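*Asks:* What follows is query.cif; its format and atoms are mmCIF, C-alpha atoms.
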```cif
data_start
loop_
_atom_site.label_atom_id
_atom_site.label_comp_id
_atom_site.auth_asym_id
_atom_site.auth_seq_id
_atom_site.Cartn_x
_atom_site.Cartn_y
_atom_site.Cartn_z
CA MET A 1 5.12 -39.97 -6.60
CA GLN A 2 7.41 -42.92 -7.04
CA LEU A 3 10.65 -40.93 -7.31
CA LEU A 4 10.01 -39.25 -3.96
CA GLU A 5 9.09 -42.53 -2.26
CA GLN A 6 12.27 -44.13 -3.58
CA THR A 7 14.33 -41.16 -2.36
CA ILE A 8 12.74 -41.37 1.10
CA LEU A 9 13.51 -45.09 1.28
CA LYS A 10 17.09 -44.52 0.14
CA TYR A 11 18.04 -41.39 2.11
CA GLY A 12 15.40 -40.85 4.80
CA LYS A 13 16.39 -41.74 8.35
CA VAL A 14 13.86 -42.78 10.98
CA TYR A 15 14.64 -41.97 14.60
CA ALA A 16 12.85 -42.63 17.86
CA GLY A 17 10.10 -40.16 18.68
CA ASP A 18 8.45 -40.38 15.27
CA VAL A 19 11.22 -38.41 13.55
CA LEU A 20 11.83 -38.80 9.81
CA LYS A 21 14.97 -36.95 8.81
CA VAL A 22 15.09 -35.96 5.16
CA ASP A 23 17.90 -33.47 5.62
CA SER A 24 19.87 -34.81 2.70
CA PHE A 25 17.35 -33.76 0.03
CA LEU A 26 14.59 -31.61 1.54
CA ASN A 27 15.18 -29.88 4.87
CA HIS A 28 18.81 -28.83 4.98
CA GLN A 29 20.45 -29.90 1.76
CA VAL A 30 17.93 -29.45 -1.03
CA ASP A 31 17.97 -31.67 -4.11
CA VAL A 32 16.76 -28.90 -6.38
CA ALA A 33 16.21 -31.12 -9.44
CA LEU A 34 13.98 -33.42 -7.38
CA LEU A 35 12.16 -30.46 -5.83
CA ASN A 36 11.55 -29.05 -9.29
CA LYS A 37 9.89 -32.33 -10.31
CA MET A 38 7.86 -32.35 -7.09
CA GLY A 39 6.71 -28.78 -7.71
CA ALA A 40 5.70 -29.66 -11.26
CA GLU A 41 3.79 -32.72 -10.04
CA LEU A 42 1.84 -30.66 -7.48
CA ALA A 43 1.18 -27.95 -10.07
CA GLY A 44 -0.15 -30.59 -12.46
CA ARG A 45 -2.52 -32.00 -9.86
CA PHE A 46 -4.03 -28.56 -9.25
CA ALA A 47 -4.05 -27.41 -12.87
CA GLY A 48 -7.42 -26.00 -13.84
CA GLU A 49 -8.15 -24.82 -10.29
CA GLY A 50 -7.33 -21.23 -11.19
CA ILE A 51 -4.68 -20.97 -8.49
CA THR A 52 -3.48 -17.36 -8.09
CA LYS A 53 -1.15 -17.81 -5.14
CA VAL A 54 0.86 -20.43 -3.30
CA LEU A 55 1.02 -20.05 0.48
CA THR A 56 3.56 -21.75 2.74
CA LEU A 57 5.25 -21.30 6.11
CA GLU A 58 8.91 -20.36 6.58
CA ALA A 59 11.45 -21.87 6.54
CA SER A 60 11.35 -25.46 5.39
CA GLY A 61 8.19 -25.08 3.26
CA ILE A 62 9.75 -22.44 1.02
CA ALA A 63 11.74 -24.76 -1.23
CA VAL A 64 8.87 -26.98 -2.40
CA ALA A 65 6.39 -24.08 -2.44
CA ILE A 66 8.55 -21.95 -4.73
CA MET A 67 8.90 -24.84 -7.16
CA ALA A 68 5.14 -25.41 -7.24
CA ALA A 69 4.60 -21.68 -7.78
CA LEU A 70 7.18 -21.68 -10.58
CA SER A 71 5.30 -24.43 -12.41
CA LEU A 72 1.92 -22.78 -11.77
CA GLY A 73 3.23 -19.38 -12.92
CA VAL A 74 2.01 -17.59 -9.78
CA LYS A 75 3.53 -15.77 -6.85
CA MET A 76 4.33 -17.44 -3.56
CA VAL A 77 3.77 -16.01 -0.10
CA PHE A 78 5.47 -17.43 2.95
CA ALA A 79 3.84 -16.84 6.31
CA LYS A 80 6.37 -15.62 8.84
CA LYS A 81 6.83 -16.89 12.35
CA ALA A 82 6.11 -13.86 14.50
CA LYS A 83 9.02 -12.95 16.74
CA THR A 84 6.76 -11.05 19.12
CA SER A 85 3.03 -11.21 19.65
CA ASN A 86 1.58 -9.32 16.76
CA SER A 87 -1.64 -7.40 16.90
CA SER A 88 -0.84 -5.06 14.02
CA SER A 89 -3.78 -4.21 11.81
CA ASP A 90 -1.55 -4.75 8.77
CA VAL A 91 -1.33 -8.52 9.12
CA TYR A 92 -3.48 -11.61 9.38
CA THR A 93 -2.39 -13.86 12.21
CA GLY A 94 -2.79 -17.57 12.77
CA ARG A 95 -1.79 -19.90 15.58
CA VAL A 96 0.28 -23.05 15.12
CA HIS A 97 1.20 -25.68 17.68
CA SER A 98 4.75 -26.99 17.50
CA TYR A 99 4.94 -30.54 18.79
CA THR A 100 8.74 -30.53 18.63
CA ARG A 101 8.94 -27.45 20.80
CA GLY A 102 5.83 -28.17 22.85
CA LYS A 103 4.26 -24.77 22.48
CA ASP A 104 2.13 -22.55 20.28
CA PHE A 105 3.54 -19.84 18.04
CA GLU A 106 1.99 -17.17 15.91
CA ILE A 107 2.30 -16.87 12.13
CA VAL A 108 1.58 -13.71 10.17
CA VAL A 109 0.84 -12.73 6.58
CA SER A 110 0.70 -9.11 5.47
CA LYS A 111 -2.76 -8.07 4.32
CA GLU A 112 -1.15 -6.69 1.17
CA TYR A 113 -0.32 -10.12 -0.20
CA LEU A 114 -3.52 -12.10 0.25
CA GLY A 115 -7.01 -10.91 -0.61
CA LYS A 116 -10.50 -11.85 -1.66
CA ASP A 117 -9.51 -12.35 -5.31
CA ASP A 118 -7.05 -15.11 -4.45
CA ASN A 119 -7.45 -18.83 -5.08
CA VAL A 120 -4.86 -20.28 -2.77
CA LEU A 121 -2.89 -23.50 -2.86
CA ILE A 122 -1.14 -24.21 0.43
CA VAL A 123 2.13 -26.09 -0.05
CA ASP A 124 4.25 -27.52 2.73
CA ASP A 125 7.02 -30.05 3.16
CA PHE A 126 5.40 -32.14 5.90
CA LEU A 127 1.85 -32.88 7.05
CA ALA A 128 1.40 -34.65 10.38
CA THR A 129 -1.38 -33.38 12.65
CA GLY A 130 -2.07 -30.47 10.32
CA SER A 131 -1.57 -27.73 12.90
CA ALA A 132 0.45 -25.52 10.55
CA LEU A 133 -2.20 -25.97 7.85
CA TYR A 134 -5.04 -24.92 10.15
CA GLY A 135 -3.07 -21.79 11.02
CA MET A 136 -2.69 -20.97 7.33
CA ILE A 137 -6.32 -21.83 6.53
CA ASP A 138 -7.38 -19.43 9.28
CA ILE A 139 -5.35 -16.70 7.57
CA ILE A 140 -6.87 -17.51 4.15
CA ASN A 141 -10.35 -17.21 5.68
CA GLN A 142 -9.49 -13.88 7.32
CA ALA A 143 -8.33 -12.61 3.92
CA GLY A 144 -11.62 -13.66 2.30
CA ALA A 145 -9.63 -15.76 -0.15
CA ARG A 146 -10.55 -19.27 -1.30
CA LEU A 147 -8.61 -22.38 -0.30
CA LYS A 148 -8.40 -24.53 -3.42
CA GLY A 149 -6.29 -27.26 -1.91
CA VAL A 150 -3.24 -28.40 -0.04
CA GLY A 151 -0.13 -29.85 -1.69
CA ILE A 152 2.29 -31.73 0.54
CA ALA A 153 5.63 -33.39 -0.03
CA ILE A 154 5.50 -35.98 2.75
CA GLU A 155 2.38 -36.82 4.73
CA LYS A 156 2.57 -38.88 7.88
CA GLY A 157 -0.74 -40.55 7.16
CA TYR A 158 -0.88 -42.38 10.48
CA GLN A 159 -0.98 -39.06 12.36
CA GLY A 160 -4.38 -38.35 10.86
CA GLY A 161 -4.10 -34.66 10.00
CA GLY A 162 -4.43 -35.24 6.26
CA ASP A 163 -7.49 -37.49 6.51
CA LYS A 164 -9.12 -35.09 8.98
CA LEU A 165 -8.76 -32.28 6.43
CA ARG A 166 -10.05 -34.52 3.63
CA GLY A 167 -13.04 -35.33 5.83
CA GLU A 168 -13.70 -31.61 6.11
CA GLY A 169 -13.82 -31.34 2.33
CA VAL A 170 -10.33 -29.96 1.75
CA ARG A 171 -8.53 -31.41 -1.25
CA VAL A 172 -5.19 -32.67 0.09
CA GLU A 173 -2.64 -34.03 -2.37
CA SER A 174 0.48 -35.56 -0.89
CA LEU A 175 3.37 -36.78 -3.02
CA ALA A 176 4.18 -39.50 -0.49
CA ILE A 177 1.92 -40.77 2.29
CA ILE A 178 3.54 -42.81 5.01
CA ASP A 179 1.12 -45.21 6.70
CA LYS A 180 3.62 -46.86 8.97
CA MET A 181 7.10 -45.91 10.03
CA SER A 182 9.64 -47.39 12.42
CA GLU A 183 13.35 -47.98 12.53
CA ASP A 184 12.58 -51.26 10.75
CA GLY A 185 11.12 -49.58 7.71
CA ILE A 186 8.62 -47.29 6.03
CA VAL A 187 5.30 -48.36 4.50
CA PHE A 188 3.67 -46.03 1.99
CA ARG A 189 -0.07 -45.81 1.39
CA GLY A 190 -0.97 -47.99 -1.53
CA MET B 1 20.32 -6.35 -13.50
CA GLN B 2 17.98 -3.75 -14.86
CA LEU B 3 14.76 -5.68 -14.20
CA LEU B 4 15.60 -6.02 -10.51
CA GLU B 5 16.60 -2.35 -10.20
CA GLN B 6 13.31 -1.32 -11.81
CA THR B 7 11.38 -3.60 -9.47
CA ILE B 8 13.16 -2.15 -6.44
CA LEU B 9 12.36 1.39 -7.61
CA LYS B 10 8.73 0.48 -8.22
CA TYR B 11 7.93 -1.67 -5.19
CA GLY B 12 10.73 -1.21 -2.65
CA LYS B 13 9.95 0.92 0.38
CA VAL B 14 12.61 2.85 2.27
CA TYR B 15 12.07 3.43 5.98
CA ALA B 16 14.04 5.22 8.65
CA GLY B 17 16.86 3.20 10.16
CA ASP B 18 18.31 2.14 6.81
CA VAL B 19 15.46 -0.29 6.11
CA LEU B 20 14.63 -1.31 2.54
CA LYS B 21 11.46 -3.37 2.48
CA VAL B 22 11.13 -5.64 -0.52
CA ASP B 23 8.38 -7.75 0.99
CA SER B 24 6.24 -7.56 -2.11
CA PHE B 25 8.61 -9.55 -4.34
CA LEU B 26 11.47 -11.02 -2.33
CA ASN B 27 11.11 -11.39 1.45
CA HIS B 28 7.49 -12.29 2.16
CA GLN B 29 5.65 -12.46 -1.12
CA VAL B 30 8.01 -13.94 -3.71
CA ASP B 31 7.76 -13.00 -7.39
CA VAL B 32 8.85 -16.44 -8.53
CA ALA B 33 9.21 -15.52 -12.22
CA LEU B 34 11.52 -12.63 -11.28
CA LEU B 35 13.47 -14.82 -8.86
CA ASN B 36 13.89 -17.44 -11.58
CA LYS B 37 15.46 -14.79 -13.83
CA MET B 38 17.66 -13.60 -10.98
CA GLY B 39 18.82 -17.15 -10.30
CA ALA B 40 19.59 -17.67 -13.99
CA GLU B 41 21.55 -14.40 -14.10
CA LEU B 42 23.66 -15.38 -11.07
CA ALA B 43 24.20 -18.86 -12.51
CA GLY B 44 25.36 -17.31 -15.79
CA ARG B 45 27.86 -15.06 -14.05
CA PHE B 46 29.44 -18.04 -12.29
CA ALA B 47 29.25 -20.46 -15.22
CA GLY B 48 32.59 -22.16 -15.81
CA GLU B 49 33.56 -21.95 -12.13
CA GLY B 50 32.71 -25.61 -11.59
CA ILE B 51 30.25 -24.83 -8.82
CA THR B 52 29.10 -28.01 -7.05
CA LYS B 53 26.94 -26.48 -4.34
CA VAL B 54 25.01 -23.34 -3.48
CA LEU B 55 25.07 -22.30 0.17
CA THR B 56 22.66 -19.85 1.79
CA LEU B 57 21.18 -19.03 5.18
CA GLU B 58 17.56 -19.67 6.18
CA ALA B 59 14.99 -18.28 5.75
CA SER B 60 14.99 -15.36 3.33
CA GLY B 61 18.01 -16.51 1.32
CA ILE B 62 16.38 -19.78 0.31
CA ALA B 63 14.22 -18.44 -2.53
CA VAL B 64 16.99 -16.85 -4.61
CA ALA B 65 19.50 -19.58 -3.71
CA ILE B 66 17.23 -22.37 -4.91
CA MET B 67 16.71 -20.58 -8.22
CA ALA B 68 20.46 -20.12 -8.72
CA ALA B 69 21.00 -23.80 -7.86
CA LEU B 70 18.26 -24.80 -10.31
CA SER B 71 20.00 -22.94 -13.14
CA LEU B 72 23.42 -24.27 -12.15
CA GLY B 73 22.09 -27.83 -11.86
CA VAL B 74 23.53 -28.36 -8.37
CA LYS B 75 22.20 -28.96 -4.88
CA MET B 76 21.57 -26.18 -2.41
CA VAL B 77 22.34 -26.23 1.30
CA PHE B 78 20.81 -23.78 3.69
CA ALA B 79 22.64 -23.09 6.94
CA LYS B 80 20.29 -23.26 9.89
CA LYS B 81 20.02 -20.78 12.69
CA ALA B 82 20.90 -22.82 15.77
CA LYS B 83 18.15 -22.80 18.37
CA THR B 84 20.55 -23.70 21.13
CA SER B 85 24.32 -23.40 21.33
CA ASN B 86 25.62 -26.26 19.28
CA SER B 87 28.87 -28.01 19.93
CA SER B 88 27.92 -31.24 18.18
CA SER B 89 30.74 -32.87 16.27
CA ASP B 90 28.31 -33.47 13.39
CA VAL B 91 28.07 -29.83 12.32
CA TYR B 92 30.20 -26.91 11.27
CA THR B 93 29.26 -23.75 13.14
CA GLY B 94 29.64 -20.09 12.26
CA ARG B 95 28.78 -16.90 14.07
CA VAL B 96 26.65 -14.11 12.61
CA HIS B 97 25.85 -10.72 14.05
CA SER B 98 22.28 -9.54 13.61
CA TYR B 99 22.14 -5.74 13.51
CA THR B 100 18.34 -5.78 13.62
CA ARG B 101 18.31 -7.84 16.79
CA GLY B 102 21.53 -6.43 18.21
CA LYS B 103 23.13 -9.77 19.02
CA ASP B 104 25.12 -12.67 17.67
CA PHE B 105 23.63 -15.98 16.68
CA GLU B 106 25.07 -19.28 15.61
CA ILE B 107 24.53 -20.95 12.24
CA VAL B 108 25.15 -24.62 11.54
CA VAL B 109 25.71 -26.85 8.53
CA SER B 110 25.81 -30.63 8.84
CA LYS B 111 29.22 -32.05 7.94
CA GLU B 112 27.44 -34.49 5.62
CA TYR B 113 26.50 -31.79 3.12
CA LEU B 114 29.68 -29.82 2.62
CA GLY B 115 33.12 -31.27 2.06
CA LYS B 116 36.55 -30.85 0.54
CA ASP B 117 35.33 -31.71 -2.96
CA ASP B 118 32.90 -28.82 -3.05
CA ASN B 119 33.22 -25.59 -5.03
CA VAL B 120 30.76 -23.35 -3.28
CA LEU B 121 28.74 -20.38 -4.44
CA ILE B 122 27.19 -18.48 -1.54
CA VAL B 123 23.87 -16.87 -2.48
CA ASP B 124 21.89 -14.49 -0.30
CA ASP B 125 19.14 -11.94 -0.68
CA PHE B 126 20.90 -9.01 1.00
CA LEU B 127 24.49 -7.93 1.58
CA ALA B 128 25.13 -5.06 3.99
CA THR B 129 28.06 -5.45 6.38
CA GLY B 130 28.62 -9.02 5.27
CA SER B 131 28.31 -10.60 8.70
CA ALA B 132 26.18 -13.52 7.46
CA LEU B 133 28.66 -14.12 4.63
CA TYR B 134 31.64 -14.27 6.98
CA GLY B 135 29.76 -16.83 9.07
CA MET B 136 29.17 -18.95 5.96
CA ILE B 137 32.76 -18.50 4.69
CA ASP B 138 33.99 -19.72 8.06
CA ILE B 139 31.89 -22.87 7.61
CA ILE B 140 33.21 -23.39 4.05
CA ASN B 141 36.77 -23.17 5.37
CA GLN B 142 36.04 -25.63 8.18
CA ALA B 143 34.69 -28.05 5.56
CA GLY B 144 37.87 -27.72 3.48
CA ALA B 145 35.71 -26.63 0.54
CA ARG B 146 36.54 -23.81 -1.88
CA LEU B 147 34.61 -20.54 -1.99
CA LYS B 148 34.20 -19.69 -5.67
CA GLY B 149 32.16 -16.55 -5.15
CA VAL B 150 29.20 -14.78 -3.65
CA GLY B 151 25.99 -14.01 -5.54
CA ILE B 152 23.67 -11.42 -4.01
CA ALA B 153 20.29 -10.04 -4.97
CA ILE B 154 20.56 -6.60 -3.35
CA GLU B 155 23.80 -5.13 -2.01
CA LYS B 156 23.76 -2.05 0.17
CA GLY B 157 27.01 -0.81 -1.31
CA TYR B 158 27.32 2.12 1.08
CA GLN B 159 27.57 -0.27 4.04
CA GLY B 160 30.88 -1.53 2.71
CA GLY B 161 30.57 -5.28 3.28
CA GLY B 162 30.70 -6.11 -0.43
CA ASP B 163 33.73 -3.97 -1.18
CA LYS B 164 35.54 -5.31 1.89
CA LEU B 165 35.04 -8.85 0.59
CA ARG B 166 36.16 -7.83 -2.91
CA GLY B 167 39.26 -6.30 -1.33
CA GLU B 168 39.96 -9.66 0.27
CA GLY B 169 39.86 -11.31 -3.16
CA VAL B 170 36.36 -12.75 -2.99
CA ARG B 171 34.36 -12.50 -6.20
CA VAL B 172 31.10 -10.80 -5.23
CA GLU B 173 28.39 -10.42 -7.87
CA SER B 174 25.34 -8.42 -6.85
CA LEU B 175 22.34 -8.02 -9.12
CA ALA B 176 21.64 -4.55 -7.74
CA ILE B 177 24.05 -2.38 -5.76
CA ILE B 178 22.58 0.55 -3.88
CA ASP B 179 25.08 3.36 -3.36
CA LYS B 180 22.69 5.78 -1.71
CA MET B 181 19.29 5.33 -0.15
CA SER B 182 16.88 7.60 1.65
CA GLU B 183 13.17 8.24 1.77
CA ASP B 184 13.79 10.60 -1.16
CA GLY B 185 15.08 7.89 -3.42
CA ILE B 186 17.51 5.14 -4.30
CA VAL B 187 20.72 5.54 -6.30
CA PHE B 188 22.23 2.43 -7.86
CA ARG B 189 25.92 1.95 -8.56
CA GLY B 190 26.56 2.80 -12.21
#
```
Go ahead and render the structure in this file as C-alpha cells.
*Replies:*
Amino acid sequence: MQLLEQTILKYGKVYAGDVLKVDSFLNHQVDVALLNKMGAELAGRFAGEGITKVLTLEASGIAVAIMAALSLGVKMVFAKKAKTSNSSSDVYTGRVHSYTRGKDFEIVVSKEYLGKDDNVLIVDDFLATGSALYGMIDIINQAGARLKGVGIAIEKGYQGGGDKLRGEGVRVESLAIIDKMSEDGIVFRG
Amino acid sequence: MQLLEQTILKYGKVYAGDVLKVDSFLNHQVDVALLNKMGAELAGRFAGEGITKVLTLEASGIAVAIMAALSLGVKMVFAKKAKTSNSSSDVYTGRVHSYTRGKDFEIVVSKEYLGKDDNVLIVDDFLATGSALYGMIDIINQAGARLKGVGIAIEKGYQGGGDKLRGEGVRVESLAIIDKMSEDGIVFRG
C-alpha cells in the first residue's frame, strides 16, 4: 500500500536495536483517516472469505483491527494480556514471547466471543517473528474456529515470521513489508 | 443514547463490587457498528467546538475514541500506561488511581503529539470517579492545550466523577448515565 509506505518513509524513525517507531501515526498518535484507508484495504483483500470476526491483541493492534472490522461489517475481539496466570475454564489462553521485554506472557479470549462458527481474520499492527500471531492462532484452534488469514500493517520481512506463516499455508497480507532497515534507510519488498 | 442504553440492558452484566461487564460489545468483543454510531453521536455533540485532537487512555478507551476521531476528522492520541516511572523530558506525565488494582499508575503522552494549538476532546469508555480523566486533564494543561470537553460511553453517575467535573465547568457528555445499578437492574438518568 503505497500511502502507508510513503508515510513510513516520511514519519517513521529507525533506532538501534531494530526499532521502527511509528508513534506519530500508528502506535501513540493515530492518523485515523490513514487507518481507515488501511482497514478498508485489508477488508478488500479478504472480501469473499466469509470473515465473521476480526481478532487482534491489545493495545496497539486495536486501532487497525477496528477499522478492518468496520469495513468488513463484523465484530472485533481483542485478546487481553493476562495480568495473572489464568486457568479459568471460561477463556482460551495462548502464549506470546515479548522480545522487547525478554519474557513470555499469556493472552486470553473469553470462550463467549469465539466459536466453531467463526471465520477469523487476525489483524495486527506489526509482524516480526510472528510470536503474537502464533498465540492467537492457538486460541482460534482451541475455539474450533477457522483462520482465514492474517492482515498486517507493517511486516518486518527480514525477521522471517511472515514468510514462515506463508510457508505453513497461512494467507498473510501485509500493507507494507520491510526487507531491509537501518538508520540509513528503509527498503520495502518489491 | 437509546441504542446504547438498550444494549447495556440486554448484554451488560452486573456483578458484586460495583462491576458492570460490557465485554460482549465494548471491552473485549467490540460491536464495531455500534461503536461507529457512538463515535458519530459524540462527534455531533461536540461539532462546532473546533476539536483538533481526541485524547484517550489505552487500552479500552481506544475503540470509542478512534470512532469519535473518525467522525470528527481529527487524529487521536492514546496516553500510554508507563511501564516504569518516567521522568523523560520528552513526555507529559499524569497520575491515575486504579480502584480495581488499588494503586496509582503513571500515564504518559509524548510532547510531540499535544501542544498549545490543540483543542482537545477526551473520550473514554467509562467514567466513575474520574481519576483517569484528571490524569489526562493534567497532561492537557501541561501541553498548554485547551480542554473542550469529555465524551464518555458509560458514566456511573452515582459515583459522582461526572458531576464533579461538570461542577468545575467541564462539559461532560455521556452516552449513557447510570444512576443506580444492582444485580436487580440498571436505572439510567432520565
*Asks:* Using the chain letters and numbers from this file, what does the PyMOL selection byres ((chain A) within 12 of (chain B)) select? Give the answer as a PyMOL selection string.
*Replies:* chain A and resi 23-37+53-81+83+91+101+108-114
*Asks:* With all atoms listed in the file as the basis for distance, which of B:Val120, B:Ile139, B:Leu175, B:Leu133 is at the shortest distance from Phe188 of chain B?
*Replies:*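 Nearest candidate to Phe188 of chain B out of B:Val120, B:Ile139, B:Leu175, B:Leu133: B:Leu175.
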*Asks:* Nearest to Ile51 of chain B: which of B:Ile137, B:Ile178, B:Val150, B:Leu20 is it, counting only C-alpha atoms?
*Replies:*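 The answer is B:Val150, which sits nearest to Ile51 of chain B.
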*Asks:* What separation in Å, quoted to one decimal, exists between atom CA of Asp90 of chain A and atom CA of Ala16 of chain B?
*Replies:*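 Straight-line distance from atom CA of Asp90 of chain A to atom CA of Ala16 of chain B works out to 18.5 Å.
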*Asks:* For Gly12 of chain B, which residue out of B:Gly167, B:Gly185, B:Gly130, B:Gly39 is the nearest one, using only C-alpha atoms?
*Replies:* B:Gly185
*Asks:* Taking the file as I've supplied it (selection: the PyMOL selection byres ((chain B and resi 98) around 12)), which residues are included? Please answer as a ChimeraX atom specification.
*Replies:* /B:81,95-97,99-107,128-133,135
*Asks:* Provide the atom CA of Asp184 of chain A to atom CA of Gly17 of chain A distance in Å, to one decimal place.
*Replies:*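 A separation of 13.9 Å between them.
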*Asks:* Taking into account all atoms listed in the file, which residue in the set A:Lys116, A:Lys164, A:Arg146, A:Lys21 is nearest to Glu183 of chain A?
*Replies:*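 Closest residue, counting all atoms listed in the file: A:Lys21.
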*Asks:* Counting only C-alpha atoms, which of B:Val172, B:Met181, B:Ala43, B:Met38 gets nearest to Tyr15 of chain B?
*Replies:*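 Of B:Val172, B:Met181, B:Ala43, B:Met38, the one nearest Tyr15 of chain B is B:Met181, counting only C-alpha atoms.
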*Asks:* Report, in Å to a single decimal, how far apart atom CA of Ser182 of chain A and atom CA of Asp124 of chain A are.
*Replies:*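 The value is 22.8 Å.
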